[in-house]
Every structure is written in structure tokens, then in C-alpha cells.
Amino acid sequence: MQTSFTLAQLADPDIAEANTILRKCVHCGFCTATCPTYALLGDERDSPRGRIYLIKQMLEGGEAATEETVRHVDRCLSCLSCMTTCPSSVHYMHLVDHARAHIEQTYQRPLGDRLLRGLLAWLLPYPGRFRWALRGAMLARPFAGLLPAKLRGMVQMAPKRLPAASSVDLPQVFKAEGVRKKRVALLTGCAQQVLDPAINEATIRLLTRLGCDVVVAPGSGCCGALEHHMGREAAAHAKAQANIAAWINEADGEGLDAIVVNASGCGTNLKDYGFMLRNDAAWAERAARVSALARDISEVLMDLEIKPDGSAPALKLAYHSACSLQHGQKITQAPKQLLQRAGFTVSDVPEGHLCCGSAGTYNLLQPELATQLRDRKAAHIRSVGADAVAAGNIGCLVQIAGGLEAGGTALPVLHTVQWLDWATGGPKPAGL
């Protein structure tokens, strides 16, 4: 793609990077075939190629984002399916993230949108606040019909039962059983702590059983992905820096073999810390170290020996490959292989490359499109005739469970690590 940035514009390292990305695009349109929003809407502007044109026009002009550009960029799930499909290796993720930061800086959203986005950024990355908000939403559920559409969707998505906070999410070290094979840090996350603390509990049980010391480092917390994908770069970078400082302190102390992430959306963000902070002289080197240490839980488990003990029955699991795992991190086979080693039969879901519609805050900010994608995914899951569902990202778990329940088929939906923990001696998951 031909670009026409001025030399003055190219002096900005972010514009220079955008220029490099844009010039790789050859207009082929392969991305349109795998884009969820294009599949639903059939609008070129709601395809990666169309958004690339809009972003190019916005950045070259150096002016405030227009309502049209904002509307179509907002509809992007950042599922990154286009990056898997693209034959020219266009790094769409970095381009759309830059576009969102530009939009945040230059575009005045309607008041309702500003308030909703501000509320989500204030609540979701903070487990204490989020837990209290969910309690309020549970009380408000009977009155959801009286609320505005987007607030109604938030209230309806609140769980019917809120699990208690888990002590495993507090800073501490969990010692390996037997001979220590690895020492790892665990990102305990933010929303996942509240929505399903059993995931971190299962992760720690499994890792320690397999010979890992697991560190929950003081000072670590939300990865910053939520604000990063909303264009709120200062807040996202502050959270990244807090995590980097916490983990480098551990790495420089007793050492770390990996930083384990069991929410793939967070993992994709951690692996990008080096790029996010590349222009910050105070943080660039440490950020790159952390990105190099970041591993999805499935990557770490592949180096360890999964031995089923007969605790779990040989169920047939429909495996949903989270977009952030298959497209963002290019991890497709490891989770399925681990589940098979544990004694489960694993079925791929038709249209597995398409997003379930969760996508961080997407199901709250774009509820109509998200619901269409959710119901489409749930129908495909039902079609394989599985006993239950496995996935590696908390947003997908909540979204898919809601879709299956709405369609009248309430299959158990659990994190991959919960299935593996049960199969290797852990307790039967409460979700069964």
C-alpha cells in the first residue's frame, strides 16, 4: 500500500511503525474471509482491509478521528484472525492499537459512551471494585428491563452466584511437591479473580503437583489489556510497569523460568510489553525481558508430565480456541494435546477461527454484534455433541456459557487447566 506521510510525521516512532505496517498491505482481501464483523455485516469498512484504509486516511491527515472511522474501528474485536490469514504479515494488532490511542486523544465521544467506558476502566481492572459492582448488578437484575440497553446488558451478564475471593490470589509462594523442576510467577489477573477464582486455584494445584514453585509476586496485578485496547495508553503502561517491576524483582532474586498466564487475552498483552514500551528508555529493556518470559499455561505444561490418575471420566470435550491464543499467540495444538494426554476426547468446533464475541469489553460495548457471534459459536459447539466445553480464556468461558444457556443447552464450560487438574488428582470442579 502506498503511503504519503511527511518526513515530520515519520519522525514520530509510532507513525513510522504504522507506515511500515501499512506499506505491507497488498489489498488482497484474504482477511475479509475470516473477519467476524465482515461475516456478519458484509460492509468493507467492517473488514480489516477497510479499517486499514480508514486508519491510513486518519493518520496521514494528522487530524481528529471522524465519527465514521470511530464507528468501524470500535466494531473491531481485535480477534486478530486477519493476522493469521494475511499472506503479507501485516501486523494489524499494532496498527489498530495505535488507531485507538489516536481516537482516544482526538475524538470526543457522546457523553453516554464516555461514561460507560470510564466506568469499565474504573471497575474491571480492580477486583475489589468489580466484586462490589457485580453484587449490585445481581440485586438490579429484576429491574434490568428499565435500564438503558448497554447497562441492561451489563446487568444481565452478571453471574447468578458470586464466588468468594480466594486466598491464592494474595502475594505468596506455593512450593513444589517433590523435586522442584521450575520456578514460575503467576499472573493472577483482575476480572478472572472475581468471576472464577477456581481457575487460579486449579492452576496452582496443577503446577505444584508437577514440580513447580509458583510465585504470586507482590505488586503484580491487572495486565493493562483492557485500557490498552480502549486507547488509554497512560493507564495501560502504568499497569504494565507495575507488573514488570514486580516480576523483574523476582527474576533478579531467586530467578524465574517463566511468567505463567492462564487468561490468554492477558498473555497476548504480556508478550507485547516489549513493543508497547519500546520507546521508553527507562522500561524498554525490562519490558522485553518480561515479554520473553511470558508463557501461556499450556506452553509450560507441555514441558511437564501430565499423568491422569483416573479421577475424571473420559468425557468428550468441545475445545474452543480463544482468539488471543490461536491468533494472538499462535498456540493451537498444545491445549488439545494436553487434554488428550489427560484422557479426554477432544473435538474441534466448526468455524473455530471466528470469535465468540467476548473480546475483552466488546460484549459490553457492542452487545448486539457480540450476541450474534455468541449464539453462532454456541450453535457450533452444540453441533459436535460434546459432554462439556474447554477453553483458555475467562471472557470466552463466560460468553460461551451464556450462549449455551440462552440456547437451552447448559453444558459445563471450564478452563482447560481445570480439566487437567481434575484428571491428575485435583478435586472435581464445582462447575460440574
# chains A, B, ... in the order shown; residues from 1 in each chain; ligands from 1
>>> select_by_dssp(residues="region 43-112 of chain A", states="helix (DSSP H, G or I)", output="ChimeraX atom specification")
/A:44-46,48-61,67-74,81-85,92-106,111-112
>>> closest_atom_pairs(of="region 58-177 of chain A", to="region 325-338 of chain A", cutoff="6 Å", atoms="only C-alpha atoms", output="tab-separated table")
residue	atom	partner	partner_atom	distance
A:Leu80	CA	A:His327	CA	5.5
A:Ser81	CA	A:His327	CA	5.6
A:Thr84	CA	A:His327	CA	5.8
>>> residues_around(residues="region 178-184 of chain A", least_positions_apart="6", cutoff="7 Å", atoms="only C-alpha atoms", output="ChimeraX atom specification")
/A:211-215,256-260
>>> write_last_selection(atoms="N, CA and C atoms", output="compact mmCIF listing (two decimals), in the first residue's frame")
# COMPACT_ATOMS: atom_id res chain seq x y z
N GLY A 211 5.70 -30.15 40.04
CA GLY A 211 7.07 -29.80 40.40
C GLY A 211 7.46 -28.36 40.19
N CYS A 212 6.51 -27.43 40.26
CA CYS A 212 6.82 -26.01 40.08
C CYS A 212 6.59 -25.23 41.36
N ASP A 213 7.56 -24.41 41.74
CA ASP A 213 7.28 -23.35 42.70
C ASP A 213 6.49 -22.28 41.97
N VAL A 214 5.40 -21.81 42.58
CA VAL A 214 4.55 -20.79 41.95
C VAL A 214 4.57 -19.53 42.82
N VAL A 215 4.98 -18.42 42.23
CA VAL A 215 5.10 -17.15 42.95
C VAL A 215 3.98 -16.22 42.51
N LEU A 256 13.35 -16.78 37.72
CA LEU A 256 12.07 -17.25 37.17
C LEU A 256 12.33 -17.99 35.86
N ASP A 257 11.69 -19.13 35.71
CA ASP A 257 11.75 -19.84 34.43
C ASP A 257 10.66 -19.36 33.48
N ALA A 258 9.60 -18.80 34.01
CA ALA A 258 8.50 -18.32 33.17
C ALA A 258 7.57 -17.45 34.00
N ILE A 259 6.83 -16.61 33.29
CA ILE A 259 5.69 -15.90 33.88
C ILE A 259 4.46 -16.54 33.26
N VAL A 260 3.70 -17.25 34.07
CA VAL A 260 2.59 -18.07 33.58
C VAL A 260 1.30 -17.24 33.55
>>> residues_around(residues="Val70 (chain A)", least_positions_apart="2", cutoff="10 Å", atoms="only C-alpha atoms", output="number ranges by chain")
A: 51, 54-55, 65-68, 72-75, 99-100, 103-104, 107, 109
>>> write_last_selection(atoms="N, CA and C atoms", output="compact mmCIF listing (two decimals), in the first residue's frame")
# COMPACT_ATOMS: atom_id res chain seq x y z
N ARG A 51 -10.80 -1.21 7.41
CA ARG A 51 -10.33 -0.43 8.57
C ARG A 51 -8.91 0.09 8.33
N LEU A 54 -9.25 3.26 6.44
CA LEU A 54 -9.74 4.33 7.31
C LEU A 54 -8.64 4.83 8.24
N ILE A 55 -7.88 3.90 8.80
CA ILE A 55 -6.79 4.28 9.71
C ILE A 55 -5.71 5.03 8.96
N ALA A 65 -10.03 12.06 14.69
CA ALA A 65 -10.79 10.96 14.11
C ALA A 65 -12.21 11.40 13.81
N THR A 66 -12.77 10.86 12.73
CA THR A 66 -14.15 11.16 12.37
C THR A 66 -15.09 10.13 13.00
N GLU A 67 -16.38 10.47 13.03
CA GLU A 67 -17.36 9.55 13.59
C GLU A 67 -17.39 8.24 12.81
N GLU A 68 -17.23 8.31 11.48
CA GLU A 68 -17.24 7.10 10.66
C GLU A 68 -16.08 6.18 11.03
N HIS A 72 -16.34 2.26 12.90
CA HIS A 72 -15.87 1.00 12.32
C HIS A 72 -14.68 0.43 13.07
N VAL A 73 -13.83 1.27 13.62
CA VAL A 73 -12.73 0.77 14.46
C VAL A 73 -13.30 0.19 15.76
N ASP A 74 -14.31 0.84 16.32
CA ASP A 74 -14.93 0.32 17.54
C ASP A 74 -15.55 -1.06 17.33
N ARG A 75 -16.01 -1.32 16.12
CA ARG A 75 -16.63 -2.62 15.84
C ARG A 75 -15.61 -3.75 15.71
N ALA A 99 -4.34 3.20 16.32
CA ALA A 99 -5.53 3.95 15.91
C ALA A 99 -6.41 4.26 17.12
N ARG A 100 -6.56 3.30 18.00
CA ARG A 100 -7.41 3.52 19.18
C ARG A 100 -6.82 4.59 20.10
N ILE A 103 -7.61 7.85 18.45
CA ILE A 103 -9.03 8.16 18.65
C ILE A 103 -9.26 8.70 20.06
N GLU A 104 -8.67 8.04 21.05
CA GLU A 104 -8.85 8.47 22.44
C GLU A 104 -8.35 9.90 22.65
N TYR A 107 -10.79 12.36 19.62
CA TYR A 107 -12.23 12.28 19.34
C TYR A 107 -13.04 12.41 20.62
N ARG A 109 -16.24 11.47 22.27
CA ARG A 109 -17.37 10.54 22.16
C ARG A 109 -18.62 11.15 22.80
>>> residues_around(residues="Gly431 (chain A)", least_positions_apart="4", cutoff="10 Å", atoms="only C-alpha atoms", output="PyMOL selection string")
chain A and resi 196+198+411-414+418
>>> write_last_selection(atoms="C-alpha atoms", output="short mmCIF file (atom, residue, chain, number, x, y, z; two decimals), in the first residue's frame")
data_model
loop_
_atom_site.label_atom_id
_atom_site.label_comp_id
_atom_site.auth_asym_id
_atom_site.auth_seq_id
_atom_site.Cartn_x
_atom_site.Cartn_y
_atom_site.Cartn_z
CA ASP A 196 -13.94 -17.63 38.64
CA ALA A 198 -11.22 -21.59 40.92
CA LEU A 411 -23.18 -27.68 29.06
CA PRO A 412 -20.39 -27.35 31.63
CA VAL A 413 -17.83 -24.78 30.42
CA LEU A 414 -14.47 -24.92 32.20
CA GLN A 418 -9.48 -27.15 35.49
#
>>> closest_residue(among="A:Leu404, A:Ala410, A:Cys86, A:Ala236", to="Leu277 (chain A)", atoms="only C-alpha atoms")
A:Ala236
>>> residues_around(residues="region 204-209 of chain A", least_positions_apart="3", cutoff="6 Å", atoms="only C-alpha atoms", output="PyMOL selection string")
chain A and resi 176-177+201+212+421
>>> write_last_selection(atoms="C-alpha atoms", output="PDB file, in the first residue's frame")
ATOM      1  CA  ALA A 176       6.518 -27.577  44.505  1.00  0.00           C
ATOM      2  CA  GLU A 177       5.612 -31.090  45.556  1.00  0.00           C
ATOM      3  CA  GLU A 201      -6.624 -22.389  42.376  1.00  0.00           C
ATOM      4  CA  CYS A 212       6.825 -26.013  40.077  1.00  0.00           C
ATOM      5  CA  ASP A 421      -6.202 -30.550  37.403  1.00  0.00           C
TER       6      ASP A 421
END
>>> atom_distance(atom1="CA of Cys222 (chain A)", atom2="CA of Leu420 (chain A)")
25.0 Å
